[in-house]
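S.K.: query_37.tsv is the file, holding TSV, C-alpha atoms:
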chain	number	residue	atom	x	y	z
A	39	MET	CA	-39.63	47.30	19.47
A	40	ARG	CA	-42.93	47.16	21.34
A	41	LEU	CA	-45.04	49.29	23.66
A	42	ALA	CA	-45.48	48.42	27.36
A	43	PHE	CA	-47.13	50.23	30.27
A	44	GLU	CA	-45.38	50.44	33.63
A	45	TRP	CA	-48.60	51.48	35.43
A	46	ALA	CA	-51.19	49.63	33.34
A	47	TRP	CA	-53.71	49.85	36.19
A	48	ALA	CA	-54.26	53.52	35.26
A	49	TRP	CA	-56.53	52.31	32.41
A	50	LEU	CA	-59.05	51.25	35.08
A	51	LEU	CA	-59.88	54.97	35.38
A	52	LEU	CA	-61.22	55.04	31.82
A	53	PRO	CA	-64.97	55.18	32.77
A	54	LEU	CA	-64.41	57.80	35.50
A	55	PRO	CA	-65.84	60.78	33.50
A	56	LEU	CA	-69.09	58.88	32.72
A	57	VAL	CA	-69.43	57.86	36.36
A	58	ALA	CA	-68.92	61.47	37.44
A	59	TYR	CA	-71.48	62.72	34.89
A	60	ARG	CA	-74.02	60.08	35.90
A	61	PHE	CA	-73.87	60.56	39.68
A	62	VAL	CA	-72.15	63.83	40.55
A	63	ALA	CA	-73.86	66.18	38.09
A	64	PRO	CA	-77.46	65.39	39.21
A	65	LEU	CA	-76.51	65.85	42.86
A	66	ARG	CA	-74.90	69.20	42.20
A	67	ARG	CA	-77.78	70.50	40.09
A	68	GLY	CA	-80.42	69.24	42.50
A	69	ALA	CA	-78.88	71.01	45.48
A	70	GLY	CA	-80.59	74.35	44.71
A	71	GLN	CA	-84.15	75.30	43.92
A	72	ALA	CA	-85.80	74.03	40.76
A	73	LEU	CA	-85.72	76.35	37.78
A	74	LYS	CA	-88.90	76.67	35.74
A	75	VAL	CA	-88.30	77.04	32.06
A	76	PRO	CA	-91.32	78.02	29.99
A	77	GLU	CA	-89.93	76.84	26.66
A	78	ARG	CA	-89.02	73.25	27.56
A	79	ASP	CA	-88.49	72.13	23.99
A	80	ARG	CA	-85.82	74.74	23.31
A	81	PHE	CA	-84.05	73.88	26.56
A	82	SER	CA	-83.98	70.17	25.69
A	83	ARG	CA	-82.47	70.89	22.31
A	84	ALA	CA	-79.72	73.01	23.86
A	85	GLY	CA	-78.30	70.31	26.09
A	86	THR	CA	-78.94	66.97	27.70
A	87	THR	CA	-81.06	65.93	30.62
A	88	PRO	CA	-78.95	65.46	33.79
A	89	GLY	CA	-78.37	61.84	34.61
A	90	THR	CA	-78.61	60.61	31.00
A	91	THR	CA	-75.80	59.65	28.63
A	92	PRO	CA	-74.60	62.75	26.72
A	93	ARG	CA	-75.33	62.87	23.00
A	94	PHE	CA	-72.45	62.84	20.53
A	95	SER	CA	-70.95	66.22	19.66
A	96	LEU	CA	-67.59	67.58	18.59
A	97	ASP	CA	-66.93	68.90	22.10
A	98	TRP	CA	-67.69	65.47	23.55
A	99	LEU	CA	-65.28	63.85	21.07
A	100	LEU	CA	-62.48	66.32	21.90
A	101	ALA	CA	-62.98	65.78	25.65
A	102	ALA	CA	-62.94	61.98	25.23
A	103	LEU	CA	-59.72	62.09	23.19
A	104	MET	CA	-58.10	64.38	25.76
A	105	TRP	CA	-59.04	61.97	28.56
A	106	LEU	CA	-57.58	59.03	26.62
A	107	CYS	CA	-54.32	60.93	26.11
A	108	LEU	CA	-54.10	61.75	29.81
A	109	LEU	CA	-54.68	58.12	30.77
A	110	PHE	CA	-52.11	56.99	28.22
A	111	ALA	CA	-49.50	59.28	29.81
A	112	ALA	CA	-50.52	58.30	33.35
A	113	ALA	CA	-49.97	54.61	32.54
A	114	ARG	CA	-46.27	55.45	31.94
A	115	PRO	CA	-45.78	53.99	28.45
A	116	LEU	CA	-42.36	52.62	27.50
A	117	LEU	CA	-40.97	51.80	24.08
A	118	LEU	CA	-39.00	48.59	24.61
A	119	ASP	CA	-36.01	47.94	22.39
A	120	THR	CA	-35.12	44.57	20.94
A	121	ALA	CA	-34.26	42.09	23.68
A	122	LEU	CA	-30.57	41.93	24.59
A	123	THR	CA	-28.81	39.07	26.32
A	124	ALA	CA	-26.38	39.27	29.21
A	125	PRO	CA	-24.45	36.46	30.86
A	126	ALA	CA	-25.61	35.29	34.27
A	127	THR	CA	-24.50	32.34	36.36
A	128	GLY	CA	-26.02	32.76	39.78
A	129	ARG	CA	-22.55	32.28	41.33
A	130	ASP	CA	-21.66	34.53	44.27
A	131	LEU	CA	-17.90	35.12	44.59
A	132	MET	CA	-16.53	37.07	47.55
A	133	LEU	CA	-12.90	38.21	47.90
A	134	ALA	CA	-11.51	38.72	51.41
A	135	VAL	CA	-8.26	40.71	51.36
A	136	ASP	CA	-5.83	41.08	54.27
A	137	LEU	CA	-4.90	44.70	55.09
A	138	SER	CA	-2.75	43.95	58.16
A	139	GLY	CA	0.59	45.69	58.69
A	140	SER	CA	2.64	42.95	57.02
A	141	MET	CA	0.90	43.60	53.68
A	142	GLU	CA	3.12	46.66	53.19
A	143	VAL	CA	6.27	44.48	53.01
A	144	ARG	CA	7.86	45.07	49.60
A	145	ASP	CA	8.89	41.58	48.60
A	146	ALA	CA	6.71	41.26	45.49
A	147	ARG	CA	7.75	42.20	41.96
A	148	LEU	CA	5.36	43.60	39.38
A	149	ALA	CA	6.45	44.63	35.88
A	150	GLY	CA	10.08	44.30	36.97
A	151	ARG	CA	9.67	46.63	39.97
A	152	SER	CA	9.52	45.94	43.68
A	153	GLN	CA	5.98	46.29	45.05
A	154	SER	CA	4.22	45.82	48.35
A	155	ARG	CA	2.20	42.65	48.77
A	156	LEU	CA	-1.05	44.63	48.76
A	157	ASN	CA	-0.21	46.42	45.50
A	158	ALA	CA	0.58	43.09	43.87
A	159	ILE	CA	-2.79	41.74	44.98
A	160	LYS	CA	-4.59	44.82	43.69
A	161	SER	CA	-3.14	44.38	40.24
A	162	VAL	CA	-3.65	40.65	39.84
A	163	ALA	CA	-6.94	40.36	41.76
A	164	GLY	CA	-8.32	43.33	39.84
A	165	ASP	CA	-7.81	41.49	36.56
A	166	PHE	CA	-9.39	38.40	38.09
A	167	ILE	CA	-12.48	40.41	39.07
A	168	GLU	CA	-12.79	41.77	35.53
A	169	ARG	CA	-12.83	38.23	34.12
A	170	ARG	CA	-15.71	37.09	36.34
A	171	ILE	CA	-18.35	38.02	33.77
A	172	GLY	CA	-21.75	36.75	34.87
A	173	ASP	CA	-20.79	36.35	38.55
A	174	ARG	CA	-21.81	38.58	41.41
A	175	VAL	CA	-18.58	39.73	43.05
A	176	GLY	CA	-18.11	41.27	46.49
A	177	LEU	CA	-15.20	42.48	48.63
A	178	ILE	CA	-14.36	42.07	52.33
A	179	LEU	CA	-11.36	43.90	53.81
A	180	PHE	CA	-9.90	42.79	57.13
A	181	GLY	CA	-7.11	43.61	59.54
A	182	GLY	CA	-7.79	43.82	63.27
A	183	GLN	CA	-11.47	43.93	62.22
A	184	ALA	CA	-13.38	42.69	59.19
A	185	TYR	CA	-15.92	44.73	57.27
A	186	LEU	CA	-17.83	44.54	54.02
A	187	GLN	CA	-16.39	47.02	51.55
A	188	ALA	CA	-18.53	46.05	48.53
A	189	PRO	CA	-21.66	43.86	48.64
A	190	LEU	CA	-22.21	41.20	46.00
A	191	SER	CA	-22.90	42.88	42.68
A	192	PHE	CA	-22.64	42.44	38.92
A	193	ASP	CA	-20.86	45.83	38.88
A	194	ARG	CA	-17.33	44.47	38.71
A	195	ALA	CA	-15.81	47.87	37.92
A	196	THR	CA	-17.02	49.31	41.24
A	197	VAL	CA	-15.74	46.32	43.22
A	198	ARG	CA	-12.34	46.69	41.57
A	199	ALA	CA	-12.33	50.43	42.34
A	200	PHE	CA	-12.98	49.70	46.04
A	201	LEU	CA	-10.07	47.26	46.03
A	202	GLU	CA	-7.79	49.86	44.43
A	203	GLU	CA	-8.72	52.40	47.12
A	204	SER	CA	-7.87	50.08	50.03
A	205	SER	CA	-4.70	50.67	52.06
A	206	VAL	CA	-2.67	48.86	54.71
A	207	GLY	CA	-3.93	49.48	58.24
A	208	LEU	CA	-7.37	50.65	57.09
A	209	ALA	CA	-8.99	47.94	59.23
A	210	GLY	CA	-6.22	47.71	61.84
A	211	ARG	CA	-2.75	46.20	61.66
A	212	GLN	CA	-3.54	42.75	63.09
A	213	THR	CA	-5.23	39.81	61.35
A	214	ALA	CA	-8.83	38.86	62.21
A	215	LEU	CA	-8.86	35.86	59.90
A	216	GLY	CA	-11.76	34.02	61.54
A	217	ASP	CA	-13.97	37.15	61.65
A	218	ALA	CA	-13.42	37.73	57.92
A	219	ILE	CA	-14.64	34.22	57.15
A	220	ALA	CA	-17.62	34.58	59.49
A	221	LEU	CA	-18.60	37.87	57.86
A	222	ALA	CA	-18.48	36.25	54.42
A	223	VAL	CA	-20.69	33.40	55.67
A	224	LYS	CA	-23.28	35.81	57.04
A	225	ARG	CA	-23.40	38.14	54.05
A	226	MET	CA	-23.49	35.38	51.44
A	227	SER	CA	-26.12	33.37	53.33
A	228	ASP	CA	-28.34	36.47	53.44
A	229	GLU	CA	-28.16	36.81	49.64
A	230	GLY	CA	-30.10	33.58	49.08
A	231	ALA	CA	-27.98	32.00	46.33
A	232	ALA	CA	-27.76	28.20	46.18
A	233	PRO	CA	-24.96	26.88	48.48
A	234	GLU	CA	-23.10	25.27	45.57
A	235	HIS	CA	-22.77	28.73	43.99
A	236	ARG	CA	-21.09	30.41	46.99
A	237	VAL	CA	-17.31	30.87	46.80
A	238	LEU	CA	-14.89	32.79	49.03
A	239	VAL	CA	-11.32	33.60	47.94
A	240	LEU	CA	-9.28	34.45	51.04
A	241	LEU	CA	-5.94	36.26	50.61
A	242	THR	CA	-3.63	36.68	53.60
A	243	ASP	CA	0.07	36.73	54.46
A	244	GLY	CA	-0.11	36.06	58.18
A	245	ALA	CA	-1.58	34.08	61.04
A	246	ALA	CA	-4.71	34.96	63.00
A	247	THR	CA	-3.77	37.48	65.70
A	248	ALA	CA	-7.15	39.12	66.42
A	249	GLY	CA	-10.89	38.59	66.19
A	250	VAL	CA	-13.66	36.84	68.08
A	251	LEU	CA	-13.76	33.54	66.16
A	252	THR	CA	-10.84	31.23	65.45
A	253	PRO	CA	-10.25	30.51	61.73
A	254	LEU	CA	-11.19	26.82	62.07
A	255	LYS	CA	-14.40	27.59	63.96
A	256	ALA	CA	-15.36	30.08	61.25
A	257	ALA	CA	-14.47	27.50	58.59
A	258	GLN	CA	-16.83	25.05	60.26
A	259	LEU	CA	-19.62	27.63	59.98
A	260	ALA	CA	-18.74	28.09	56.31
A	261	ARG	CA	-18.95	24.36	55.72
A	262	GLU	CA	-22.41	24.19	57.32
A	263	ALA	CA	-23.55	27.09	55.09
A	264	GLY	CA	-22.19	25.40	51.95
A	265	LEU	CA	-19.55	28.09	51.38
A	266	LYS	CA	-16.45	26.86	49.54
A	267	ILE	CA	-13.22	28.65	50.49
A	268	TYR	CA	-10.08	28.97	48.38
A	269	THR	CA	-7.20	30.22	50.54
A	270	ILE	CA	-4.13	31.98	49.15
A	271	GLY	CA	-1.01	32.47	51.28
A	272	ILE	CA	1.09	35.42	50.17
A	273	GLY	CA	4.73	36.34	50.74
A	274	SER	CA	7.53	34.81	52.73
A	275	SER	CA	6.97	32.48	55.65
A	276	ARG	CA	9.69	34.34	57.58
A	277	ASN	CA	9.60	37.80	59.10
A	278	SER	CA	10.95	40.12	56.44
A	279	GLN	CA	10.48	43.50	58.10
A	280	PRO	CA	11.42	44.51	61.66
A	281	GLY	CA	8.41	45.02	63.93
A	282	VAL	CA	5.96	43.45	61.48
A	283	SER	CA	4.66	39.93	61.93
A	284	SER	CA	4.38	38.21	58.56
A	285	GLU	CA	4.61	34.58	59.58
A	286	LEU	CA	2.31	32.58	57.33
A	287	ASP	CA	0.19	29.93	59.04
A	288	GLU	CA	-0.01	27.54	56.09
A	289	SER	CA	-1.38	24.64	58.12
A	290	THR	CA	-4.44	26.66	59.13
A	291	LEU	CA	-5.06	27.91	55.59
A	292	LEU	CA	-4.77	24.37	54.27
A	293	ALA	CA	-7.22	23.13	56.94
A	294	ILE	CA	-9.73	25.86	56.04
A	295	ALA	CA	-9.64	24.90	52.36
A	296	ASP	CA	-9.92	21.17	53.08
A	297	LEU	CA	-12.78	21.65	55.53
A	298	THR	CA	-14.89	23.61	53.04
A	299	GLY	CA	-14.08	21.67	49.88
A	300	GLY	CA	-11.81	24.36	48.46
A	301	ARG	CA	-8.08	24.43	47.82
A	302	TYR	CA	-4.99	26.11	49.26
A	303	PHE	CA	-2.52	27.99	47.05
A	304	ARG	CA	0.93	29.26	47.98
A	305	ALA	CA	1.92	32.51	46.28
A	306	ALA	CA	5.50	33.55	46.92
A	307	ALA	CA	5.63	35.89	43.91
A	308	THR	CA	3.35	37.92	41.67
A	309	GLY	CA	3.77	35.51	38.79
A	310	ARG	CA	2.49	32.72	40.99
A	311	LEU	CA	-0.54	34.85	41.93
A	312	GLU	CA	-1.43	35.16	38.26
A	313	GLN	CA	-1.18	31.39	37.86
A	314	ILE	CA	-3.40	30.90	40.90
A	315	TYR	CA	-6.15	33.11	39.50
A	316	ALA	CA	-5.92	31.29	36.17
A	317	GLU	CA	-6.38	28.02	38.04
A	318	LEU	CA	-9.34	29.48	39.94
A	319	ASP	CA	-10.95	30.38	36.63
A	320	LEU	CA	-10.73	26.71	35.71
A	321	LEU	CA	-11.92	25.44	39.10
A	322	GLU	CA	-14.80	27.90	39.30
A	323	PRO	CA	-15.65	28.67	35.65
A	324	ALA	CA	-18.11	31.40	34.77
A	325	GLU	CA	-21.10	29.46	33.43
A	326	LEU	CA	-22.41	31.88	30.85
A	327	ASP	CA	-26.16	31.33	30.78
A	328	GLU	CA	-28.07	34.11	29.05
A	329	LEU	CA	-30.36	36.55	30.82
A	330	ALA	CA	-32.76	38.52	28.62
A	331	LEU	CA	-32.66	42.28	29.16
A	332	ARG	CA	-34.62	45.10	27.55
A	333	SER	CA	-34.02	48.81	27.59
A	334	GLY	CA	-37.01	51.13	27.40
A	335	ARG	CA	-37.61	54.79	26.52
A	336	PRO	CA	-40.47	56.84	28.02
A	337	ALA	CA	-43.21	57.58	25.48
A	338	HIS	CA	-45.63	59.75	27.48
A	339	LEU	CA	-44.58	63.19	26.21
A	340	PRO	CA	-46.44	63.11	22.84
A	341	ALA	CA	-49.65	62.10	24.63
A	342	LEU	CA	-49.33	65.02	27.05
A	343	VAL	CA	-48.72	67.47	24.21
A	344	LEU	CA	-51.77	66.17	22.33
A	345	ALA	CA	-53.89	66.42	25.49
A	346	LEU	CA	-52.82	70.06	25.87
A	347	LEU	CA	-53.73	70.86	22.27
A	348	LEU	CA	-57.15	69.20	22.68
A	349	GLY	CA	-57.72	71.18	25.87
A	350	LEU	CA	-56.89	74.42	24.04
A	351	ALA	CA	-59.29	73.46	21.25
A	352	LEU	CA	-62.09	72.90	23.78
A	353	ALA	CA	-61.36	76.25	25.43
A	354	TRP	CA	-61.42	78.04	22.06
A	355	ARG	CA	-64.80	76.44	21.16
A	356	ALA	CA	-66.21	77.49	24.53
A	357	ARG	CA	-65.25	81.11	23.87
A	358	GLN	CA	-66.87	80.97	20.42
A	359	ALA	CA	-70.17	79.64	21.80
Take the structure in this file and express it as structure tokens.
M.R.:
Amino acid sequence: MRLAFEWAWAWLLLPLPLVAYRFVAPLRRGAGQALKVPERDRFSRAGTTPGTTPRFSLDWLLAALMWLCLLFAAARPLLLDTALTAPATGRDLMLAVDLSGSMEVRDARLAGRSQSRLNAIKSVAGDFIERRIGDRVGLILFGGQAYLQAPLSFDRATVRAFLEESSVGLAGRQTALGDAIALAVKRMSDEGAAPEHRVLVLLTDGAATAGVLTPLKAAQLAREAGLKIYTIGIGSSRNSQPGVSSELDESTLLAIADLTGGRYFRAAATGRLEQIYAELDLLEPAELDELALRSGRPAHLPALVLALLLGLALAWRARQA
């Protein structure tokens, strides 16, 4: 444990009282008419001549200690605990999850029960997020539009909570696949991480039916930005619910992965999703370098209390004089 000051520059104010005594006091006392004192010797013994350094006295000592205590508190002292270590990799990992209408098709099984595709993703992807210790993880949700739900962060619990709160149709019922990729490129490029540490995991069960950019054009932008994309195709390749398009464009997803140096995975069941995330852990391992962290506790309160007591002592001596 050691002491540190958050505002160490406050100690530069240490000579301020002497400067004020040297320059301000003579100006104030010289503003009026001169006072003639017949007994000059007695007056000199009672105090000090303006503009000179004050002689040592108990009052001077108490005032100096009080000033030191006030400066100590103003410098915002912190008691730092023993250094802790936390894993850090510098890898930025963004998940882009499809919320189009076909994601509500219940052709996935989880714990022996039939589940919608989105619920299956929430369960398995949530566990994947929890395992990414040391990575910054973010979340993009897309349907007819794409938007950033959670920016890149070490707070994996919050990212997982945002994923759990998502619902089908939240971003529209179509599939803006290219816009989701383009949004990931923009947001991850703005973060400033090295290109080799940028990874996008794209989960979808359909073909691009909306958006400004085509998926392959967006993938070309990702390649130029150094963003590696792992694509995961979910569900059946045939329409499995009337009125809902769930046709999986595997050729496009494979092209996106190949173009960016990633890999395409086919997930027809929840068990396969779990295998895919296990493989991703191997392909993009969390490189656990250590980042030193310290926690600190404020230590200004005792100094303020002591300054108050010294001020009361000075006031009591002034009343006794």
S.K.: For the atom pair atom CA of A:Ala256 and atom CA of A:Leu238, what is the interatomic distance in Å to one decimal place?
M.R.: 12.5 Å
S.K.: Could you name the residues that touch A:Tyr268 at 6 Å or less, counting all atoms listed in the file, but leaving out those on the same chain fewer than 6 positions away, as a ChimeraX atom specification?
M.R.: /A:239,295,300-302
S.K.: Hey, which of A:His338, A:Arg144, A:Lys255, A:Arg357 ends up closest to A:Ala293? Count all atoms listed in the file.
M.R.: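 For A:Ala293, the nearest of the candidates is A:Lys255.
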S.K.: What is the atom CA of A:Gly172-atom CA of A:Gly271 distance in Å, reported with one decimal?
M.R.: 26.8 Å
S.K.: Please compute the atom CA of A:Ser138-atom CA of A:Gln212 distance, one decimal, in Å.
M.R.: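 Separation between atom CA of A:Ser138 and atom CA of A:Gln212: 5.1 Å.
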S.K.: Quick one: residues within 10 Å of A:Ala46, all atoms listed in the file counted, chain neighbours fewer than 2 positions away excluded, as a PyMOL selection string?
M.R.: chain A and resi 42-44+48-50+109-110+112-115
S.K.: Quick one: residues within 6 Å of A:Gly216, all atoms listed in the file counted, chain neighbours fewer than 2 positions away excluded, as a list in words?
M.R.: Ala214, Ala218, Ile219, Leu251, Thr252, Pro253 and Ala256 of chain A
S.K.: For stretch 191-198 of chain A, find every residue with an atom within 10 Å (counting all atoms listed in the file), except residues of its own chain fewer than 3 positions away, and show them as a ChimeraX atom specification.
M.R.: /A:126,130-133,160-161,163-177,187-188,201-203
S.K.: I'd like the neighbourhood of A:Gly349 as an MDAnalysis selection string, where a residue qualifies if any of its atoms comes within 12 Å (using all atoms listed in the file), though same-chain residues fewer than 2 positions away should be ignored.
M.R.: chainID A and resid 97:105 107:108 342:347 351:356
S.K.: Using only C-alpha atoms for the distances, tell me which of A:Arg225, A:Gly249, A:Ser205, A:Ile270 is nearest to A:Phe303.
M.R.: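 Using only C-alpha atoms, the shortest distance to A:Phe303 belongs to A:Ile270.
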S.K.: Out of A:Arg40, A:Arg60, A:Arg211, A:Arg261, which residue has the shortest atom-to-atom distance to A:Ala246 when counting all atoms listed in the file?
M.R.: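 Nearest to A:Ala246: A:Arg211.
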S.K.: Box time for stretch 207-217 of chain A: axis-aligned, enclosing all its listed atoms, 8 Å extra on each side; report centre and edge lengths in Å to one decimal, as AutoDock Vina command-line options.
M.R.:
--center_x -8.4 --center_y 42.3 --center_z 60.1 --size_x 27.2 --size_y 32.6 --size_z 22.0
